[in-house]
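Everything below belongs to final_18.cif, which stores mmCIF, C-alpha atoms; chains and numbers go by the auth columns.
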data_entry
loop_
_atom_site.group_PDB
_atom_site.id
_atom_site.type_symbol
_atom_site.label_atom_id
_atom_site.label_comp_id
_atom_site.label_asym_id
_atom_site.label_seq_id
_atom_site.Cartn_x
_atom_site.Cartn_y
_atom_site.Cartn_z
_atom_site.B_iso_or_equiv
_atom_site.auth_seq_id
_atom_site.auth_asym_id
ATOM 1 C CA MET A 1 170.593 233.048 65.405 0.00 1 A
ATOM 2 C CA ALA A 2 172.743 231.208 62.865 0.00 2 A
ATOM 3 C CA LYS A 3 172.513 232.076 59.175 0.00 3 A
ATOM 4 C CA VAL A 4 171.854 229.125 56.858 0.00 4 A
ATOM 5 C CA PHE A 5 172.454 229.432 53.117 0.00 5 A
ATOM 6 C CA VAL A 6 171.063 227.248 50.316 0.00 6 A
ATOM 7 C CA SER A 7 171.385 227.548 46.572 0.00 7 A
ATOM 8 C CA GLY A 8 169.440 226.038 43.700 0.00 8 A
ATOM 9 C CA CYS A 9 167.325 226.481 40.590 0.00 9 A
ATOM 10 C CA PHE A 10 163.922 225.706 42.172 0.00 10 A
ATOM 11 C CA ASP A 11 162.358 225.746 38.715 0.00 11 A
ATOM 12 C CA VAL A 12 159.864 222.940 39.285 0.00 12 A
ATOM 13 C CA LEU A 13 158.937 223.739 42.886 0.00 13 A
ATOM 14 C CA HIS A 14 157.654 220.656 44.746 0.00 14 A
ATOM 15 C CA SER A 15 157.211 219.175 48.215 0.00 15 A
ATOM 16 C CA GLY A 16 160.820 217.951 48.250 0.00 16 A
ATOM 17 C CA HIS A 17 161.995 221.575 48.001 0.00 17 A
ATOM 18 C CA ILE A 18 159.662 222.654 50.791 0.00 18 A
ATOM 19 C CA ARG A 19 160.961 219.848 52.998 0.00 19 A
ATOM 20 C CA PHE A 20 164.538 220.836 52.096 0.00 20 A
ATOM 21 C CA PHE A 21 163.821 224.422 53.223 0.00 21 A
ATOM 22 C CA GLU A 22 162.124 223.156 56.387 0.00 22 A
ATOM 23 C CA GLU A 23 165.096 220.950 57.234 0.00 23 A
ATOM 24 C CA ALA A 24 167.617 223.735 56.538 0.00 24 A
ATOM 25 C CA ALA A 25 165.638 226.265 58.606 0.00 25 A
ATOM 26 C CA GLN A 26 165.996 224.031 61.670 0.00 26 A
ATOM 27 C CA TYR A 27 169.595 225.277 61.860 0.00 27 A
ATOM 28 C CA GLY A 28 168.771 229.021 61.757 0.00 28 A
ATOM 29 C CA ASP A 29 167.507 231.833 59.519 0.00 29 A
ATOM 30 C CA LEU A 30 167.331 230.520 55.960 0.00 30 A
ATOM 31 C CA TYR A 31 168.721 232.512 53.018 0.00 31 A
ATOM 32 C CA VAL A 32 167.937 231.088 49.573 0.00 32 A
ATOM 33 C CA SER A 33 169.972 231.867 46.472 0.00 33 A
ATOM 34 C CA ILE A 34 168.006 231.166 43.292 0.00 34 A
ATOM 35 C CA GLY A 35 169.757 230.605 39.974 0.00 35 A
ATOM 36 C CA SER A 36 169.031 233.229 37.348 0.00 36 A
ATOM 37 C CA ASP A 37 167.223 232.254 34.147 0.00 37 A
ATOM 38 C CA LYS A 38 170.565 232.462 32.312 0.00 38 A
ATOM 39 C CA THR A 39 172.314 230.184 34.819 0.00 39 A
ATOM 40 C CA VAL A 40 169.490 227.606 34.819 0.00 40 A
ATOM 41 C CA GLU A 41 169.517 227.485 31.020 0.00 41 A
ATOM 42 C CA GLU A 42 173.322 227.085 30.972 0.00 42 A
ATOM 43 C CA LEU A 43 173.361 224.331 33.614 0.00 43 A
ATOM 44 C CA LYS A 44 170.212 222.426 32.631 0.00 44 A
ATOM 45 C CA LYS A 45 170.489 222.936 28.864 0.00 45 A
ATOM 46 C CA ARG A 46 166.810 223.946 28.690 0.00 46 A
ATOM 47 C CA PRO A 47 164.719 227.044 29.255 0.00 47 A
ATOM 48 C CA THR A 48 163.162 227.561 32.668 0.00 48 A
ATOM 49 C CA LEU A 49 159.561 226.602 33.293 0.00 49 A
ATOM 50 C CA TYR A 50 159.118 229.625 35.596 0.00 50 A
ATOM 51 C CA ASN A 51 161.124 232.794 35.090 0.00 51 A
ATOM 52 C CA GLU A 52 163.411 234.046 37.856 0.00 52 A
ATOM 53 C CA LYS A 53 160.930 236.634 39.144 0.00 53 A
ATOM 54 C CA GLU A 54 158.204 234.011 39.499 0.00 54 A
ATOM 55 C CA ARG A 55 160.581 231.560 41.192 0.00 55 A
ATOM 56 C CA LEU A 56 161.718 234.316 43.554 0.00 56 A
ATOM 57 C CA TYR A 57 158.098 235.121 44.432 0.00 57 A
ATOM 58 C CA MET A 58 157.248 231.476 45.128 0.00 58 A
ATOM 59 C CA VAL A 59 160.343 230.727 47.205 0.00 59 A
ATOM 60 C CA SER A 60 160.057 234.012 49.143 0.00 60 A
ATOM 61 C CA SER A 61 156.478 233.075 50.053 0.00 61 A
ATOM 62 C CA ILE A 62 157.505 229.882 51.845 0.00 62 A
ATOM 63 C CA ARG A 63 157.348 230.321 55.605 0.00 63 A
ATOM 64 C CA PHE A 64 160.685 228.602 56.255 0.00 64 A
ATOM 65 C CA VAL A 65 162.559 231.140 54.092 0.00 65 A
ATOM 66 C CA HIS A 66 163.944 234.222 55.843 0.00 66 A
ATOM 67 C CA GLN A 67 165.146 235.862 52.624 0.00 67 A
ATOM 68 C CA ALA A 68 165.469 234.807 48.970 0.00 68 A
ATOM 69 C CA PHE A 69 167.276 236.484 46.084 0.00 69 A
ATOM 70 C CA ILE A 70 168.440 235.856 42.516 0.00 70 A
ATOM 71 C CA ALA A 71 172.139 234.927 42.352 0.00 71 A
ATOM 72 C CA GLN A 72 174.138 237.438 40.356 0.00 72 A
ATOM 73 C CA GLY A 73 176.893 235.029 39.304 0.00 73 A
ATOM 74 C CA SER A 74 176.802 232.162 36.848 0.00 74 A
ATOM 75 C CA GLY A 75 177.578 228.468 36.804 0.00 75 A
ATOM 76 C CA LYS A 76 177.498 225.993 39.670 0.00 76 A
ATOM 77 C CA LEU A 77 178.995 228.556 42.058 0.00 77 A
ATOM 78 C CA ASP A 78 176.699 231.404 40.984 0.00 78 A
ATOM 79 C CA PHE A 79 176.004 232.271 44.641 0.00 79 A
ATOM 80 C CA LEU A 80 179.502 233.401 45.698 0.00 80 A
ATOM 81 C CA ASP A 81 178.806 237.165 45.713 0.00 81 A
ATOM 82 C CA GLU A 82 175.692 236.697 47.843 0.00 82 A
ATOM 83 C CA LEU A 83 177.499 234.237 50.105 0.00 83 A
ATOM 84 C CA ASN A 84 180.198 236.838 50.778 0.00 84 A
ATOM 85 C CA LYS A 85 177.566 239.497 51.611 0.00 85 A
ATOM 86 C CA ILE A 86 175.466 237.308 53.909 0.00 86 A
ATOM 87 C CA LYS A 87 178.380 235.513 55.596 0.00 87 A
ATOM 88 C CA PRO A 88 176.405 232.435 56.656 0.00 88 A
ATOM 89 C CA ASP A 89 177.415 230.053 59.392 0.00 89 A
ATOM 90 C CA ILE A 90 176.085 227.016 57.505 0.00 90 A
ATOM 91 C CA PHE A 91 175.754 226.014 53.859 0.00 91 A
ATOM 92 C CA PHE A 92 173.015 223.381 53.499 0.00 92 A
ATOM 93 C CA VAL A 93 172.855 221.238 50.373 0.00 93 A
ATOM 94 C CA ASN A 94 171.077 218.078 49.204 0.00 94 A
ATOM 95 C CA SER A 95 172.890 215.091 47.746 0.00 95 A
ATOM 96 C CA ASP A 96 172.254 216.300 44.166 0.00 96 A
ATOM 97 C CA GLY A 97 173.906 219.642 44.902 0.00 97 A
ATOM 98 C CA ASP A 98 176.848 218.245 46.857 0.00 98 A
ATOM 99 C CA SER A 99 180.181 218.515 45.049 0.00 99 A
ATOM 100 C CA PRO A 100 183.853 218.446 46.032 0.00 100 A
ATOM 101 C CA GLU A 101 184.329 221.878 44.392 0.00 101 A
ATOM 102 C CA LYS A 102 181.492 223.436 46.383 0.00 102 A
ATOM 103 C CA ARG A 103 182.599 221.760 49.607 0.00 103 A
ATOM 104 C CA ALA A 104 186.190 222.995 49.178 0.00 104 A
ATOM 105 C CA VAL A 105 185.139 226.621 48.556 0.00 105 A
ATOM 106 C CA LEU A 106 182.908 226.688 51.626 0.00 106 A
ATOM 107 C CA GLU A 107 185.359 224.924 53.912 0.00 107 A
ATOM 108 C CA ARG A 108 188.095 227.431 52.901 0.00 108 A
ATOM 109 C CA GLN A 109 185.758 230.182 54.084 0.00 109 A
ATOM 110 C CA GLY A 110 185.132 228.403 57.386 0.00 110 A
ATOM 111 C CA ILE A 111 181.460 227.763 56.620 0.00 111 A
ATOM 112 C CA ARG A 112 179.975 224.561 58.035 0.00 112 A
ATOM 113 C CA TYR A 113 178.804 222.298 55.196 0.00 113 A
ATOM 114 C CA ILE A 114 175.795 220.054 55.817 0.00 114 A
ATOM 115 C CA VAL A 115 174.322 217.548 53.334 0.00 115 A
ATOM 116 C CA SER A 116 170.578 216.876 53.710 0.00 116 A
ATOM 117 C CA ASN A 117 169.293 213.371 54.247 0.00 117 A
ATOM 118 C CA ARG A 118 166.353 214.003 51.847 0.00 118 A
ATOM 119 C CA ILE A 119 163.732 212.520 54.109 0.00 119 A
ATOM 120 C CA PRO A 120 160.184 213.351 52.919 0.00 120 A
ATOM 121 C CA LYS A 121 157.784 214.981 55.360 0.00 121 A
ATOM 122 C CA ASP A 122 155.584 212.437 57.133 0.00 122 A
ATOM 123 C CA LEU A 123 154.240 210.020 54.522 0.00 123 A
ATOM 124 C CA LEU A 124 154.707 212.220 51.454 0.00 124 A
ATOM 125 C CA PRO A 125 156.407 210.645 48.428 0.00 125 A
ATOM 126 C CA VAL A 126 160.061 211.341 47.634 0.00 126 A
ATOM 127 C CA ARG A 127 160.152 214.134 45.052 0.00 127 A
ATOM 128 C CA SER A 128 162.862 215.412 42.737 0.00 128 A
ATOM 129 C CA THR A 129 162.716 217.719 39.753 0.00 129 A
ATOM 130 C CA THR A 130 164.372 215.060 37.584 0.00 130 A
ATOM 131 C CA ALA A 131 161.707 212.476 38.463 0.00 131 A
ATOM 132 C CA ILE A 132 158.872 214.951 37.887 0.00 132 A
ATOM 133 C CA ARG A 133 160.264 215.947 34.488 0.00 133 A
ATOM 134 C CA GLN A 134 160.501 212.235 33.553 0.00 134 A
ATOM 135 C CA ILE A 135 156.850 211.710 34.509 0.00 135 A
ATOM 136 C CA LEU A 136 155.867 214.722 32.386 0.00 136 A
ATOM 137 C CA GLY A 137 158.078 213.545 29.523 0.00 137 A
ATOM 138 C CA LYS A 138 160.122 216.774 29.478 0.00 138 A
#
Let me see the structure of the file written as structure tokens.
Amino acid sequence: MAKVFVSGCFDVLHSGHIRFFEEAAQYGDLYVSIGSDKTVEELKKRPTLYNEKERLYMVSSIRFVHQAFIAQGSGKLDFLDELNKIKPDIFFVNSDGDSPEKRAVLERQGIRYIVSNRIPKDLLPVRSTTAIRQILGK
């Protein structure tokens, strides 16, 4: 079975994340790299809502996830050490996480790069952390 790798903060876990995991898992066993508290705070310029251990517990509990772990690196490419250990066949990303820098690194390693279409499950609303934080005024 193919190995599929995703990376993200997953601080405000919502149905859009679950759908993202479900879509990624259609390609093979899903490995999820979760940004550390330090990385989330550096990238988002705010403290996390849920600490890294709680986010790891929640993401690991999702049935589409084969294995989840806290990334040991920092910055937007905080997952590189874990990527090199797991050696995935596919890196799956949503449009928010897509970047030329990320794409170039993965293509140099011969890893297939797939960008999600972000289609909600059935008739569920489109969800994003940014939109949820706007609704909550945070």
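Comparing A:Pro47, A:Pro125, A:Gly8, A:Gly28 by their smallest distance to Lys76 (chain A), the closest is A:Gly8 (using all atoms listed in the file).
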What gap, in Å, lies between CA of Phe91 (chain A) and CA of Ile114 (chain A)?
6.3 Å
Do you know which residues are at most 9 Å from Ser74 (chain A) counting all atoms listed in the file, after dropping those on the same chain fewer than 6 positions away, and could you put them as a PyMOL selection string?
chain A and resi 35-36+38-40+42
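Comparing A:Leu123, A:Val93, A:Ile34, A:Ile111 by their smallest distance to Gly75 (chain A), the closest is A:Ile34 (using only C-alpha atoms).
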To verify the selection step, state as a list of chain:residue names which residues the PyMOL selection byres ((chain A and resi 17-21) around 9) yields on this input.
A:Val6, A:Phe10, A:Leu13, A:His14, A:Ser15, A:Gly16, A:Glu22, A:Glu23, A:Ala24, A:Ala25, A:Gln26, A:Leu30, A:Val32, A:Val59, A:Ile62, A:Phe64, A:Val65, A:Phe92, A:Val93, A:Asn94, A:Ser116, A:Arg118, A:Ile119, A:Pro120, A:Lys121, A:Arg127, A:Ser128
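Counting all atoms listed in the file and comparing A:His66, A:Leu83, A:Thr48, A:Ser33, the residue that lies closest to Val105 (chain A) is A:Leu83.
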Residue nearest Ile90 (chain A) - candidates A:Val115, A:Val126, A:Val4, A:Leu49, atoms counted: all atoms listed in the file:
A:Val4
Emit as lines of an AutoDock Vina configuration file the padded axis-aligned box for all listed atoms of region 103-112 of chain A, 6 Å per side, with centre and edge lengths in Å to one decimal.
center_x = 184.0
center_y = 226.0
center_z = 53.3
size_x = 20.1
size_y = 20.4
size_z = 21.5
Compute the distance from (162.6, 231.9, 45.9) to each atom, counting all atoms listed in the file, keep the residues with any atom at most 7 Å away, and return them as a PyMOL selection string; use the coordinates of the file.
chain A and resi 32+34+55-60+68-69
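CA of Asp81 (chain A) is found 16.5 Å from CA of Cys9 (chain A).
Put simply, CA of Ser7 (chain A) is 17.9 Å away from CA of Arg108 (chain A).
Note on the selection: in this file the PyMOL selection byres ((chain A and resi 109) around 10) comes out as Asn84, Lys87, Pro88, Asp89, Ala104, Val105, Leu106, Glu107, Arg108, Gly110, Ile111 and Arg112 of chain A.
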Could those residues be written to a file, using C-alpha atoms, as a compact mmCIF listing (two decimals), in the frame of the given file?
# COMPACT_ATOMS: atom_id res chain seq x y z
CA ASN A 84 180.20 236.84 50.78
CA LYS A 87 178.38 235.51 55.60
CA PRO A 88 176.40 232.44 56.66
CA ASP A 89 177.42 230.05 59.39
CA ALA A 104 186.19 223.00 49.18
CA VAL A 105 185.14 226.62 48.56
CA LEU A 106 182.91 226.69 51.63
CA GLU A 107 185.36 224.92 53.91
CA ARG A 108 188.10 227.43 52.90
CA GLY A 110 185.13 228.40 57.39
CA ILE A 111 181.46 227.76 56.62
CA ARG A 112 179.98 224.56 58.04
